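To be precise, the following lines are query24.pdb, and they hold PDB, C-alpha atoms.
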ATOM      1  CA  PHE F   1      26.088  60.740 -19.743  1.00  0.00           C
ATOM      2  CA  ASP F   2      24.368  62.395 -22.695  1.00  0.00           C
ATOM      3  CA  GLY F   3      22.793  59.147 -23.886  1.00  0.00           C
ATOM      4  CA  SER F   4      23.269  55.436 -24.531  1.00  0.00           C
ATOM      5  CA  GLY F   5      23.362  53.126 -27.524  1.00  0.00           C
ATOM      6  CA  THR F   6      25.537  50.731 -29.532  1.00  0.00           C
ATOM      7  CA  ALA F   7      28.709  51.400 -31.489  1.00  0.00           C
ATOM      8  CA  GLY F   8      31.021  49.622 -33.917  1.00  0.00           C
ATOM      9  CA  ASN F   9      34.574  48.574 -33.113  1.00  0.00           C
ATOM     10  CA  PRO F  10      37.359  49.191 -35.674  1.00  0.00           C
ATOM     11  CA  TYR F  11      39.865  47.297 -33.495  1.00  0.00           C
ATOM     12  CA  LEU F  12      38.304  43.847 -33.845  1.00  0.00           C
ATOM     13  CA  ASP F  13      40.650  40.960 -34.625  1.00  0.00           C
ATOM     14  CA  PRO F  14      39.818  38.810 -37.669  1.00  0.00           C
ATOM     15  CA  VAL F  15      38.295  35.394 -37.024  1.00  0.00           C
ATOM     16  CA  HIS F  16      40.650  32.545 -37.960  1.00  0.00           C
ATOM     17  CA  SER F  17      39.658  28.931 -38.529  1.00  0.00           C
ATOM     18  CA  ASP F  18      41.716  25.762 -39.065  1.00  0.00           C
ATOM     19  CA  ASN F  19      39.685  23.242 -41.061  1.00  0.00           C
ATOM     20  CA  ILE F  20      40.063  19.563 -41.928  1.00  0.00           C
ATOM     21  CA  ASP F  21      37.685  17.977 -44.448  1.00  0.00           C
ATOM     22  CA  LEU F  22      37.567  14.409 -45.735  1.00  0.00           C
ATOM     23  CA  SER F  23      34.960  13.432 -48.309  1.00  0.00           C
ATOM     24  CA  TYR F  24      33.972  10.466 -50.478  1.00  0.00           C
ATOM     25  CA  GLU F  25      31.790  10.659 -53.611  1.00  0.00           C
ATOM     26  CA  TRP F  26      30.314   7.747 -55.565  1.00  0.00           C
ATOM     27  CA  TYR F  27      28.631   8.414 -58.917  1.00  0.00           C
ATOM     28  CA  TYR F  28      26.858   5.101 -59.346  1.00  0.00           C
ATOM     29  CA  ALA F  29      24.678   6.170 -62.315  1.00  0.00           C
ATOM     30  CA  ASP F  30      24.525   8.973 -64.880  1.00  0.00           C
ATOM     31  CA  ALA F  31      22.222  11.142 -62.744  1.00  0.00           C
ATOM     32  CA  SER F  32      22.739   9.601 -59.293  1.00  0.00           C
ATOM     33  CA  MET F  33      25.383   9.939 -56.609  1.00  0.00           C
ATOM     34  CA  PHE F  34      26.156   9.314 -52.954  1.00  0.00           C
ATOM     35  CA  SER F  35      28.601  11.345 -50.854  1.00  0.00           C
ATOM     36  CA  PHE F  36      29.843  11.240 -47.287  1.00  0.00           C
ATOM     37  CA  ALA F  37      32.041  13.785 -45.505  1.00  0.00           C
ATOM     38  CA  LEU F  38      33.797  14.247 -42.177  1.00  0.00           C
ATOM     39  CA  PHE F  39      34.795  17.725 -41.051  1.00  0.00           C
ATOM     40  CA  TYR F  40      36.571  19.469 -38.181  1.00  0.00           C
ATOM     41  CA  LYS F  41      36.828  23.218 -37.531  1.00  0.00           C
ATOM     42  CA  ASP F  42      38.868  25.028 -34.882  1.00  0.00           C
ATOM     43  CA  ILE F  43      37.572  28.616 -34.793  1.00  0.00           C
ATOM     44  CA  ASP F  44      39.638  30.939 -32.619  1.00  0.00           C
ATOM     45  CA  SER F  45      36.953  33.522 -31.768  1.00  0.00           C
ATOM     46  CA  THR F  46      33.493  34.840 -32.450  1.00  0.00           C
ATOM     47  CA  ILE F  47      32.247  38.422 -32.778  1.00  0.00           C
ATOM     48  CA  PHE F  48      29.026  39.795 -31.343  1.00  0.00           C
ATOM     49  CA  LEU F  49      27.617  42.705 -29.372  1.00  0.00           C
ATOM     50  CA  GLY F  50      28.936  42.521 -25.811  1.00  0.00           C
ATOM     51  CA  ASN F  51      26.896  43.227 -22.695  1.00  0.00           C
ATOM     52  CA  GLU F  52      29.392  45.571 -21.027  1.00  0.00           C
ATOM     53  CA  GLN F  53      28.702  49.285 -21.382  1.00  0.00           C
ATOM     54  CA  VAL F  54      31.685  51.564 -21.991  1.00  0.00           C
ATOM     55  CA  PRO F  55      31.972  55.368 -22.294  1.00  0.00           C
ATOM     56  CA  LEU F  56      32.330  56.801 -25.813  1.00  0.00           C
ATOM     57  CA  GLU F  57      33.105  60.451 -26.467  1.00  0.00           C
ATOM     58  CA  VAL F  58      31.535  61.980 -29.568  1.00  0.00           C
ATOM     59  CA  GLY F  59      32.516  65.606 -29.973  1.00  0.00           C
ATOM     60  CA  ASP F  60      31.752  67.315 -26.690  1.00  0.00           C
ATOM     61  CA  GLU F  61      29.245  64.666 -25.605  1.00  0.00           C
ATOM     62  CA  LEU F  62      29.798  61.444 -23.650  1.00  0.00           C
ATOM     63  CA  PHE F  63      27.677  58.362 -24.315  1.00  0.00           C
ATOM     64  CA  LEU F  64      27.422  54.968 -22.606  1.00  0.00           C
ATOM     65  CA  VAL F  65      27.435  52.294 -25.291  1.00  0.00           C
ATOM     66  CA  ARG F  66      27.632  48.557 -25.913  1.00  0.00           C
ATOM     67  CA  THR F  67      30.069  47.594 -28.642  1.00  0.00           C
ATOM     68  CA  TYR F  68      31.205  44.561 -30.623  1.00  0.00           C
ATOM     69  CA  ASP F  69      34.134  42.506 -29.392  1.00  0.00           C
ATOM     70  CA  ASN F  70      36.060  39.254 -29.910  1.00  0.00           C
ATOM     71  CA  PHE F  71      34.863  36.440 -27.664  1.00  0.00           C
ATOM     72  CA  PRO F  72      36.112  32.849 -27.175  1.00  0.00           C
ATOM     73  CA  GLY F  73      35.869  30.476 -30.122  1.00  0.00           C
ATOM     74  CA  THR F  74      34.794  26.875 -30.585  1.00  0.00           C
ATOM     75  CA  LYS F  75      35.733  23.494 -32.003  1.00  0.00           C
ATOM     76  CA  ILE F  76      33.221  21.788 -34.293  1.00  0.00           C
ATOM     77  CA  LYS F  77      33.272  18.278 -35.737  1.00  0.00           C
ATOM     78  CA  GLY F  78      30.631  16.492 -37.720  1.00  0.00           C
ATOM     79  CA  ILE F  79      29.450  14.377 -40.613  1.00  0.00           C
ATOM     80  CA  GLU F  80      27.412  15.052 -43.737  1.00  0.00           C
ATOM     81  CA  ALA F  81      25.716  12.520 -46.011  1.00  0.00           C
ATOM     82  CA  ASN F  82      24.036  13.200 -49.374  1.00  0.00           C
ATOM     83  CA  LEU F  83      22.067  11.033 -51.773  1.00  0.00           C
ATOM     84  CA  VAL F  84      20.840  12.063 -55.214  1.00  0.00           C
ATOM     85  CA  HIS F  85      18.924   9.319 -56.997  1.00  0.00           C
ATOM     86  CA  ALA F  86      17.141   9.540 -60.356  1.00  0.00           C
ATOM     87  CA  PHE F  87      14.656   6.764 -61.128  1.00  0.00           C
ATOM     88  CA  ASP F  88      15.487   6.925 -64.835  1.00  0.00           C
ATOM     89  CA  ASN F  89      15.448   3.127 -65.107  1.00  0.00           C
ATOM     90  CA  LEU F  90      11.720   2.984 -64.348  1.00  0.00           C
ATOM     91  CA  PRO F  91       9.087   2.860 -67.114  1.00  0.00           C
ATOM     92  CA  GLY F  92       6.965   5.731 -68.378  1.00  0.00           C
ATOM     93  CA  LEU F  93       6.447   8.864 -66.342  1.00  0.00           C
ATOM     94  CA  PHE F  94       8.274   7.373 -63.347  1.00  0.00           C
ATOM     95  CA  SER F  95      11.545   7.703 -65.244  1.00  0.00           C
ATOM     96  CA  TYR F  96      11.371  11.479 -64.694  1.00  0.00           C
ATOM     97  CA  THR F  97      11.216  11.224 -60.900  1.00  0.00           C
ATOM     98  CA  GLY F  98      13.947  11.322 -58.276  1.00  0.00           C
ATOM     99  CA  LEU F  99      14.957  11.875 -54.668  1.00  0.00           C
ATOM    100  CA  ILE F 100      17.500  14.170 -52.992  1.00  0.00           C
ATOM    101  CA  LEU F 101      18.362  13.461 -49.334  1.00  0.00           C
ATOM    102  CA  ASN F 102      20.819  15.272 -47.063  1.00  0.00           C
ATOM    103  CA  TYR F 103      21.720  14.910 -43.380  1.00  0.00           C
ATOM    104  CA  THR F 104      24.234  16.843 -41.259  1.00  0.00           C
ATOM    105  CA  TYR F 105      25.315  16.194 -37.678  1.00  0.00           C
ATOM    106  CA  THR F 106      27.647  18.440 -35.663  1.00  0.00           C
ATOM    107  CA  ASP F 107      29.215  18.128 -32.224  1.00  0.00           C
ATOM    108  CA  GLU F 108      30.590  21.285 -30.631  1.00  0.00           C
ATOM    109  CA  ASN F 109      32.971  22.111 -27.801  1.00  0.00           C
ATOM    110  CA  SER F 110      32.683  25.865 -27.311  1.00  0.00           C
ATOM    111  CA  ASP F 111      34.840  28.017 -25.033  1.00  0.00           C
ATOM    112  CA  LEU F 112      32.082  30.624 -24.876  1.00  0.00           C
ATOM    113  CA  VAL F 113      29.828  30.401 -21.799  1.00  0.00           C
ATOM    114  CA  ASP F 114      26.811  32.339 -20.565  1.00  0.00           C
ATOM    115  CA  GLN F 115      26.285  33.955 -17.155  1.00  0.00           C
ATOM    116  CA  GLU F 116      25.105  30.596 -15.785  1.00  0.00           C
ATOM    117  CA  GLY F 117      28.363  28.939 -16.826  1.00  0.00           C
ATOM    118  CA  ASP F 118      26.861  26.843 -19.661  1.00  0.00           C
ATOM    119  CA  GLN F 119      28.255  26.529 -23.173  1.00  0.00           C
ATOM    120  CA  ILE F 120      26.973  28.844 -25.894  1.00  0.00           C
ATOM    121  CA  ASP F 121      27.018  27.138 -29.280  1.00  0.00           C
ATOM    122  CA  ARG F 122      28.055  28.768 -32.538  1.00  0.00           C
ATOM    123  CA  ARG F 123      25.448  31.137 -33.891  1.00  0.00           C
ATOM    124  CA  ARG F 124      22.923  29.536 -36.287  1.00  0.00           C
ATOM    125  CA  LEU F 125      24.510  26.074 -35.982  1.00  0.00           C
ATOM    126  CA  SER F 126      22.125  23.168 -35.306  1.00  0.00           C
ATOM    127  CA  SER F 127      23.402  19.828 -34.079  1.00  0.00           C
ATOM    128  CA  ASP F 128      21.071  18.025 -36.509  1.00  0.00           C
ATOM    129  CA  SER F 129      19.546  19.061 -39.822  1.00  0.00           C
ATOM    130  CA  TYR F 130      18.184  17.262 -42.855  1.00  0.00           C
ATOM    131  CA  ASN F 131      16.460  17.890 -46.186  1.00  0.00           C
ATOM    132  CA  ALA F 132      14.296  15.535 -48.213  1.00  0.00           C
ATOM    133  CA  ILE F 133      13.207  16.399 -51.760  1.00  0.00           C
ATOM    134  CA  ALA F 134      11.062  14.448 -54.203  1.00  0.00           C
ATOM    135  CA  TYR F 135      10.853  15.728 -57.761  1.00  0.00           C
ATOM    136  CA  TYR F 136       9.430  15.169 -61.240  1.00  0.00           C
ATOM    137  CA  ASP F 137      11.011  16.807 -64.302  1.00  0.00           C
ATOM    138  CA  ASP F 138      10.329  15.853 -67.920  1.00  0.00           C
ATOM    139  CA  GLY F 139      11.835  18.997 -69.441  1.00  0.00           C
ATOM    140  CA  ARG F 140       8.486  20.736 -69.885  1.00  0.00           C
ATOM    141  CA  PHE F 141       6.751  20.186 -66.560  1.00  0.00           C
ATOM    142  CA  SER F 142       8.572  20.061 -63.221  1.00  0.00           C
ATOM    143  CA  LEU F 143       7.289  19.460 -59.711  1.00  0.00           C
ATOM    144  CA  ARG F 144       9.313  19.620 -56.498  1.00  0.00           C
ATOM    145  CA  LEU F 145       8.244  18.789 -52.937  1.00  0.00           C
ATOM    146  CA  ALA F 146      10.825  19.663 -50.265  1.00  0.00           C
ATOM    147  CA  TYR F 147      10.880  19.185 -46.497  1.00  0.00           C
ATOM    148  CA  ASN F 148      13.620  20.975 -44.538  1.00  0.00           C
ATOM    149  CA  TRP F 149      14.224  20.420 -40.821  1.00  0.00           C
ATOM    150  CA  ARG F 150      16.808  21.711 -38.382  1.00  0.00           C
ATOM    151  CA  GLY F 151      17.265  21.381 -34.630  1.00  0.00           C
ATOM    152  CA  LYS F 152      17.332  24.290 -32.216  1.00  0.00           C
ATOM    153  CA  PHE F 153      20.148  26.809 -32.617  1.00  0.00           C
ATOM    154  CA  VAL F 154      21.562  29.952 -31.025  1.00  0.00           C
ATOM    155  CA  ARG F 155      20.264  33.061 -32.762  1.00  0.00           C
ATOM    156  CA  ARG F 156      21.916  35.657 -30.481  1.00  0.00           C
ATOM    157  CA  GLU F 157      24.639  35.025 -27.907  1.00  0.00           C
ATOM    158  CA  ASN F 158      23.717  37.745 -25.394  1.00  0.00           C
ATOM    159  CA  VAL F 159      20.239  39.200 -24.915  1.00  0.00           C
ATOM    160  CA  ASN F 160      19.294  41.441 -21.989  1.00  0.00           C
ATOM    161  CA  LEU F 161      16.474  40.031 -19.829  1.00  0.00           C
ATOM    162  CA  GLY F 162      15.015  43.470 -19.279  1.00  0.00           C
ATOM    163  CA  PHE F 163      15.784  47.138 -19.679  1.00  0.00           C
ATOM    164  CA  ALA F 164      18.886  48.101 -17.638  1.00  0.00           C
ATOM    165  CA  ARG F 165      19.011  44.655 -16.010  1.00  0.00           C
ATOM    166  CA  PRO F 166      22.413  42.950 -15.584  1.00  0.00           C
ATOM    167  CA  GLU F 167      21.207  39.486 -16.635  1.00  0.00           C
ATOM    168  CA  PHE F 168      21.970  38.224 -20.143  1.00  0.00           C
ATOM    169  CA  LEU F 169      21.149  34.866 -21.724  1.00  0.00           C
ATOM    170  CA  PRO F 170      21.532  33.428 -25.243  1.00  0.00           C
ATOM    171  CA  GLU F 171      18.467  33.419 -27.470  1.00  0.00           C
ATOM    172  CA  TYR F 172      17.594  30.092 -29.120  1.00  0.00           C
ATOM    173  CA  GLU F 173      15.282  29.307 -31.991  1.00  0.00           C
ATOM    174  CA  LYS F 174      13.294  26.094 -31.582  1.00  0.00           C
ATOM    175  CA  ALA F 175      13.621  23.110 -33.889  1.00  0.00           C
ATOM    176  CA  ARG F 176      11.420  23.556 -36.936  1.00  0.00           C
ATOM    177  CA  GLY F 177      10.488  21.754 -40.136  1.00  0.00           C
ATOM    178  CA  GLN F 178       8.942  23.279 -43.245  1.00  0.00           C
ATOM    179  CA  LEU F 179       7.265  21.691 -46.272  1.00  0.00           C
ATOM    180  CA  ASP F 180       7.387  23.590 -49.595  1.00  0.00           C
ATOM    181  CA  LEU F 181       6.044  22.845 -53.072  1.00  0.00           C
ATOM    182  CA  SER F 182       7.038  24.349 -56.418  1.00  0.00           C
ATOM    183  CA  ALA F 183       5.899  23.639 -59.975  1.00  0.00           C
ATOM    184  CA  ASN F 184       6.779  25.006 -63.418  1.00  0.00           C
ATOM    185  CA  TYR F 185       5.297  24.457 -66.861  1.00  0.00           C
ATOM    186  CA  THR F 186       7.108  25.651 -69.987  1.00  0.00           C
ATOM    187  CA  PHE F 187       4.727  26.456 -72.854  1.00  0.00           C
ATOM    188  CA  SER F 188       7.485  27.716 -75.154  1.00  0.00           C
ATOM    189  CA  PRO F 189      11.037  29.098 -74.929  1.00  0.00           C
ATOM    190  CA  ARG F 190       9.391  32.445 -74.211  1.00  0.00           C
ATOM    191  CA  LEU F 191       6.557  31.557 -71.823  1.00  0.00           C
ATOM    192  CA  LYS F 192       6.676  29.741 -68.484  1.00  0.00           C
ATOM    193  CA  VAL F 193       4.056  29.478 -65.713  1.00  0.00           C
ATOM    194  CA  TYR F 194       5.107  28.801 -62.128  1.00  0.00           C
ATOM    195  CA  PHE F 195       3.433  28.040 -58.810  1.00  0.00           C
ATOM    196  CA  THR F 196       4.898  27.936 -55.296  1.00  0.00           C
ATOM    197  CA  ALA F 197       3.403  26.945 -51.951  1.00  0.00           C
ATOM    198  CA  VAL F 198       5.542  27.778 -48.904  1.00  0.00           C
ATOM    199  CA  ASN F 199       5.111  26.306 -45.415  1.00  0.00           C
ATOM    200  CA  LEU F 200       2.380  23.829 -46.321  1.00  0.00           C
ATOM    201  CA  ASN F 201       2.584  22.275 -42.859  1.00  0.00           C
ATOM    202  CA  ASP F 202       1.889  25.703 -41.297  1.00  0.00           C
ATOM    203  CA  SER F 203       4.846  25.549 -38.900  1.00  0.00           C
ATOM    204  CA  LYS F 204       5.624  28.474 -36.615  1.00  0.00           C
ATOM    205  CA  THR F 205       8.862  30.152 -35.509  1.00  0.00           C
ATOM    206  CA  GLU F 206       9.528  30.182 -31.754  1.00  0.00           C
ATOM    207  CA  ARG F 207      12.440  31.714 -29.869  1.00  0.00           C
ATOM    208  CA  PHE F 208      13.290  31.536 -26.181  1.00  0.00           C
ATOM    209  CA  MET F 209      15.947  32.763 -23.757  1.00  0.00           C
ATOM    210  CA  LYS F 210      17.912  29.523 -23.138  1.00  0.00           C
ATOM    211  CA  HIS F 211      15.058  28.025 -21.083  1.00  0.00           C
ATOM    212  CA  GLU F 212      11.904  27.237 -23.074  1.00  0.00           C
ATOM    213  CA  GLU F 213       9.749  28.833 -20.381  1.00  0.00           C
ATOM    214  CA  LEU F 214      11.340  32.221 -21.204  1.00  0.00           C
ATOM    215  CA  VAL F 215       9.501  32.746 -24.488  1.00  0.00           C
ATOM    216  CA  ASN F 216      10.886  35.709 -26.433  1.00  0.00           C
ATOM    217  CA  TYR F 217       9.237  35.522 -29.858  1.00  0.00           C
ATOM    218  CA  ILE F 218       6.507  33.568 -31.672  1.00  0.00           C
ATOM    219  CA  SER F 219       5.616  34.069 -35.327  1.00  0.00           C
ATOM    220  CA  PHE F 220       2.813  32.396 -37.269  1.00  0.00           C
ATOM    221  CA  ALA F 221       3.742  33.132 -40.870  1.00  0.00           C
ATOM    222  CA  GLY F 222       1.045  30.831 -42.256  1.00  0.00           C
ATOM    223  CA  ARG F 223       0.974  29.281 -45.707  1.00  0.00           C
ATOM    224  CA  ARG F 224       1.932  31.396 -48.713  1.00  0.00           C
ATOM    225  CA  TYR F 225       0.987  30.725 -52.340  1.00  0.00           C
ATOM    226  CA  THR F 226       2.323  32.345 -55.494  1.00  0.00           C
ATOM    227  CA  LEU F 227       1.099  31.934 -59.074  1.00  0.00           C
ATOM    228  CA  GLY F 228       2.819  33.750 -61.899  1.00  0.00           C
ATOM    229  CA  LEU F 229       4.294  33.649 -65.363  1.00  0.00           C
ATOM    230  CA  THR F 230       7.459  34.781 -67.063  1.00  0.00           C
ATOM    231  CA  TYR F 231       7.716  35.921 -70.665  1.00  0.00           C
ATOM    232  CA  ARG F 232      11.033  36.595 -72.372  1.00  0.00           C
ATOM    233  CA  LEU F 233      11.291  39.340 -74.940  1.00  0.00           C
ATOM    234  CA  GLY F 234      13.787  39.614 -77.761  1.00  0.00           C
ATOM    235  CA  MET F 235      14.219  35.890 -78.462  1.00  0.00           C
ATOM    236  CA  ASN F 236      14.474  34.690 -82.078  1.00  0.00           C
TER     237      ASN F 236
END

Structure rendered as structure tokens:
Amino acid sequence: FDGSGTAGNPYLDPVHSDNIDLSYEWYYADASMFSFALFYKDIDSTIFLGNEQVPLEVGDELFLVRTYDNFPGTKIKGIEANLVHAFDNLPGLFSYTGLILNYTYTDENSDLVDQEGDQIDRRRLSSDSYNAIAYYDDGRFSLRLAYNWRGKFVRRENVNLGFARPEFLPEYEKARGQLDLSANYTFSPRLKVYFTAVNLNDSKTERFMKHEELVNYISFAGRRYTLGLTYRLGMN
């Protein structure tokens, strides 16, 4: 062979999904609501870079490449609950505060398995995830504190355990929560000052090859702060 690499596949089949969704929404106040949903998805296939190497002729040269293919699909069912509540019945400054809560749970039955015979879940799908947001907004000054958490999930379905080795395992990203803060102050229709603080809890990103002992990636992004202003031109 003249070389190796990866190649696209123009003969891929489209991914089809049959979905059933049932939802309930209750608007119990002018700026408050509760919703609950059930969902079911039957996805016939998934597409990713396979681990089998095939010959590919390019001009007068022959390469050994990995290419994308259709692999077995999955069935997903789950629930989602949301709550948006404004405390506009409270006195004074508290009337500008509120909460936003969200929780999602999924249960999966995948036909895709790894080399050890275990199920590979849908890419980037966590079984549990939730968001919790507390806010203040009086029209001029706004403050928002948000915590987002999700359980572990598959990031890549097939990752080689070493150069030219025949073993492949799915790559997972560990469960992780992140706390963010944002604030805005409007001085005039033209001028606004904003501040953001990302990852206040200093959480890290960790990835592993199915088994947590097989660490593949660790990233300490740290806390990030931004202070800036926006000014609009051309307003009357």

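For the atom pair formed by atom CA of F:Glu206 and atom CA of F:Phe153, the distance is 11.2 Å, given to one decimal.
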
Written as a PDB file with C-alpha atoms, in the frame of the given file, what is the full residue list that the PyMOL selection byres ((chain F and resi 67) around 7) yields on the file shown?
ATOM      1  CA  THR F   6      25.537  50.731 -29.532  1.00  0.00           C
ATOM      2  CA  ALA F   7      28.709  51.400 -31.489  1.00  0.00           C
ATOM      3  CA  GLY F   8      31.021  49.622 -33.917  1.00  0.00           C
ATOM      4  CA  ASN F   9      34.574  48.574 -33.113  1.00  0.00           C
ATOM      5  CA  LEU F  49      27.617  42.705 -29.372  1.00  0.00           C
ATOM      6  CA  GLY F  50      28.936  42.521 -25.811  1.00  0.00           C
ATOM      7  CA  VAL F  65      27.435  52.294 -25.291  1.00  0.00           C
ATOM      8  CA  ARG F  66      27.632  48.557 -25.913  1.00  0.00           C
ATOM      9  CA  TYR F  68      31.205  44.561 -30.623  1.00  0.00           C
ATOM     10  CA  ASP F  69      34.134  42.506 -29.392  1.00  0.00           C
TER      11      ASP F  69
END

Exactly which residues make up the result of the PyMOL selection byres ((chain F and resi 141) around 9) on this file, given as a compact mmCIF listing (two decimals) with C-alpha atoms, keeping the file's coordinate frame?
# COMPACT_ATOMS: atom_id res chain seq x y z
CA TYR F 136 9.43 15.17 -61.24
CA ASP F 137 11.01 16.81 -64.30
CA ASP F 138 10.33 15.85 -67.92
CA GLY F 139 11.84 19.00 -69.44
CA ARG F 140 8.49 20.74 -69.89
CA SER F 142 8.57 20.06 -63.22
CA LEU F 143 7.29 19.46 -59.71
CA ALA F 183 5.90 23.64 -59.98
CA ASN F 184 6.78 25.01 -63.42
CA TYR F 185 5.30 24.46 -66.86
CA THR F 186 7.11 25.65 -69.99

What lies within 8 Å of stretch 111-117 of chain F using all atoms listed in the file, ignoring chain neighbours under 3 positions off, as number ranges by chain?
F: 71-74, 120-121, 158, 167-170

F:Leu179, F:Ala86, F:Val159, F:Leu191 ranked by distance to F:Leu214, top pick (using only C-alpha atoms)
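Looking only at the distances to F:Leu214, the closest residue turns out to be F:Val159.
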
As a PDB file, in the coordinates of the input, the rebuilt stretch 199-217 of chain F with N, CA and C atoms:
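Listed below is the output, part29.pdb:
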ATOM      1  N   ASN F 199       5.558  26.652 -46.771  1.00  0.00           N
ATOM      2  CA  ASN F 199       5.111  26.306 -45.415  1.00  0.00           C
ATOM      3  C   ASN F 199       3.749  25.617 -45.431  1.00  0.00           C
ATOM      4  N   LEU F 200       3.639  24.567 -46.219  1.00  0.00           N
ATOM      5  CA  LEU F 200       2.380  23.829 -46.321  1.00  0.00           C
ATOM      6  C   LEU F 200       1.960  23.205 -44.999  1.00  0.00           C
ATOM      7  N   ASN F 201       2.916  22.861 -44.160  1.00  0.00           N
ATOM      8  CA  ASN F 201       2.584  22.275 -42.859  1.00  0.00           C
ATOM      9  C   ASN F 201       2.283  23.322 -41.789  1.00  0.00           C
ATOM     10  N   ASP F 202       2.285  24.599 -42.179  1.00  0.00           N
ATOM     11  CA  ASP F 202       1.889  25.703 -41.297  1.00  0.00           C
ATOM     12  C   ASP F 202       2.700  25.711 -39.998  1.00  0.00           C
ATOM     13  N   SER F 203       3.999  25.526 -40.099  1.00  0.00           N
ATOM     14  CA  SER F 203       4.846  25.549 -38.900  1.00  0.00           C
ATOM     15  C   SER F 203       5.113  26.984 -38.455  1.00  0.00           C
ATOM     16  N   LYS F 204       5.398  27.147 -37.184  1.00  0.00           N
ATOM     17  CA  LYS F 204       5.624  28.474 -36.615  1.00  0.00           C
ATOM     18  C   LYS F 204       7.066  28.602 -36.154  1.00  0.00           C
ATOM     19  N   THR F 205       7.526  29.852 -36.011  1.00  0.00           N
ATOM     20  CA  THR F 205       8.862  30.152 -35.509  1.00  0.00           C
ATOM     21  C   THR F 205       8.751  30.558 -34.043  1.00  0.00           C
ATOM     22  N   GLU F 206       9.538  29.884 -33.180  1.00  0.00           N
ATOM     23  CA  GLU F 206       9.528  30.182 -31.754  1.00  0.00           C
ATOM     24  C   GLU F 206      10.960  30.401 -31.268  1.00  0.00           C
ATOM     25  N   ARG F 207      11.145  31.420 -30.453  1.00  0.00           N
ATOM     26  CA  ARG F 207      12.440  31.714 -29.869  1.00  0.00           C
ATOM     27  C   ARG F 207      12.290  31.871 -28.362  1.00  0.00           C
ATOM     28  N   PHE F 208      13.338  31.472 -27.635  1.00  0.00           N
ATOM     29  CA  PHE F 208      13.290  31.536 -26.181  1.00  0.00           C
ATOM     30  C   PHE F 208      14.674  31.857 -25.636  1.00  0.00           C
ATOM     31  N   MET F 209      14.705  32.340 -24.396  1.00  0.00           N
ATOM     32  CA  MET F 209      15.947  32.763 -23.757  1.00  0.00           C
ATOM     33  C   MET F 209      16.556  31.603 -22.976  1.00  0.00           C
ATOM     34  N   LYS F 210      17.229  30.709 -23.673  1.00  0.00           N
ATOM     35  CA  LYS F 210      17.912  29.523 -23.138  1.00  0.00           C
ATOM     36  C   LYS F 210      16.936  28.496 -22.579  1.00  0.00           C
ATOM     37  N   HIS F 211      16.049  28.908 -21.686  1.00  0.00           N
ATOM     38  CA  HIS F 211      15.058  28.025 -21.083  1.00  0.00           C
ATOM     39  C   HIS F 211      13.729  28.217 -21.814  1.00  0.00           C
ATOM     40  N   GLU F 212      13.095  27.130 -22.222  1.00  0.00           N
ATOM     41  CA  GLU F 212      11.904  27.237 -23.074  1.00  0.00           C
ATOM     42  C   GLU F 212      10.766  27.990 -22.404  1.00  0.00           C
ATOM     43  N   GLU F 213      10.795  28.074 -21.074  1.00  0.00           N
ATOM     44  CA  GLU F 213       9.749  28.833 -20.381  1.00  0.00           C
ATOM     45  C   GLU F 213       9.887  30.339 -20.629  1.00  0.00           C
ATOM     46  N   LEU F 214      11.105  30.792 -20.965  1.00  0.00           N
ATOM     47  CA  LEU F 214      11.340  32.221 -21.204  1.00  0.00           C
ATOM     48  C   LEU F 214      11.120  32.535 -22.679  1.00  0.00           C
ATOM     49  N   VAL F 215       9.860  32.502 -23.086  1.00  0.00           N
ATOM     50  CA  VAL F 215       9.501  32.746 -24.488  1.00  0.00           C
ATOM     51  C   VAL F 215       9.823  34.190 -24.858  1.00  0.00           C
ATOM     52  N   ASN F 216      10.489  34.372 -26.003  1.00  0.00           N
ATOM     53  CA  ASN F 216      10.886  35.709 -26.433  1.00  0.00           C
ATOM     54  C   ASN F 216      10.217  36.142 -27.732  1.00  0.00           C
ATOM     55  N   TYR F 217       9.771  35.160 -28.534  1.00  0.00           N
ATOM     56  CA  TYR F 217       9.237  35.522 -29.858  1.00  0.00           C
ATOM     57  C   TYR F 217       8.460  34.329 -30.421  1.00  0.00           C
TER      58      TYR F 217
END
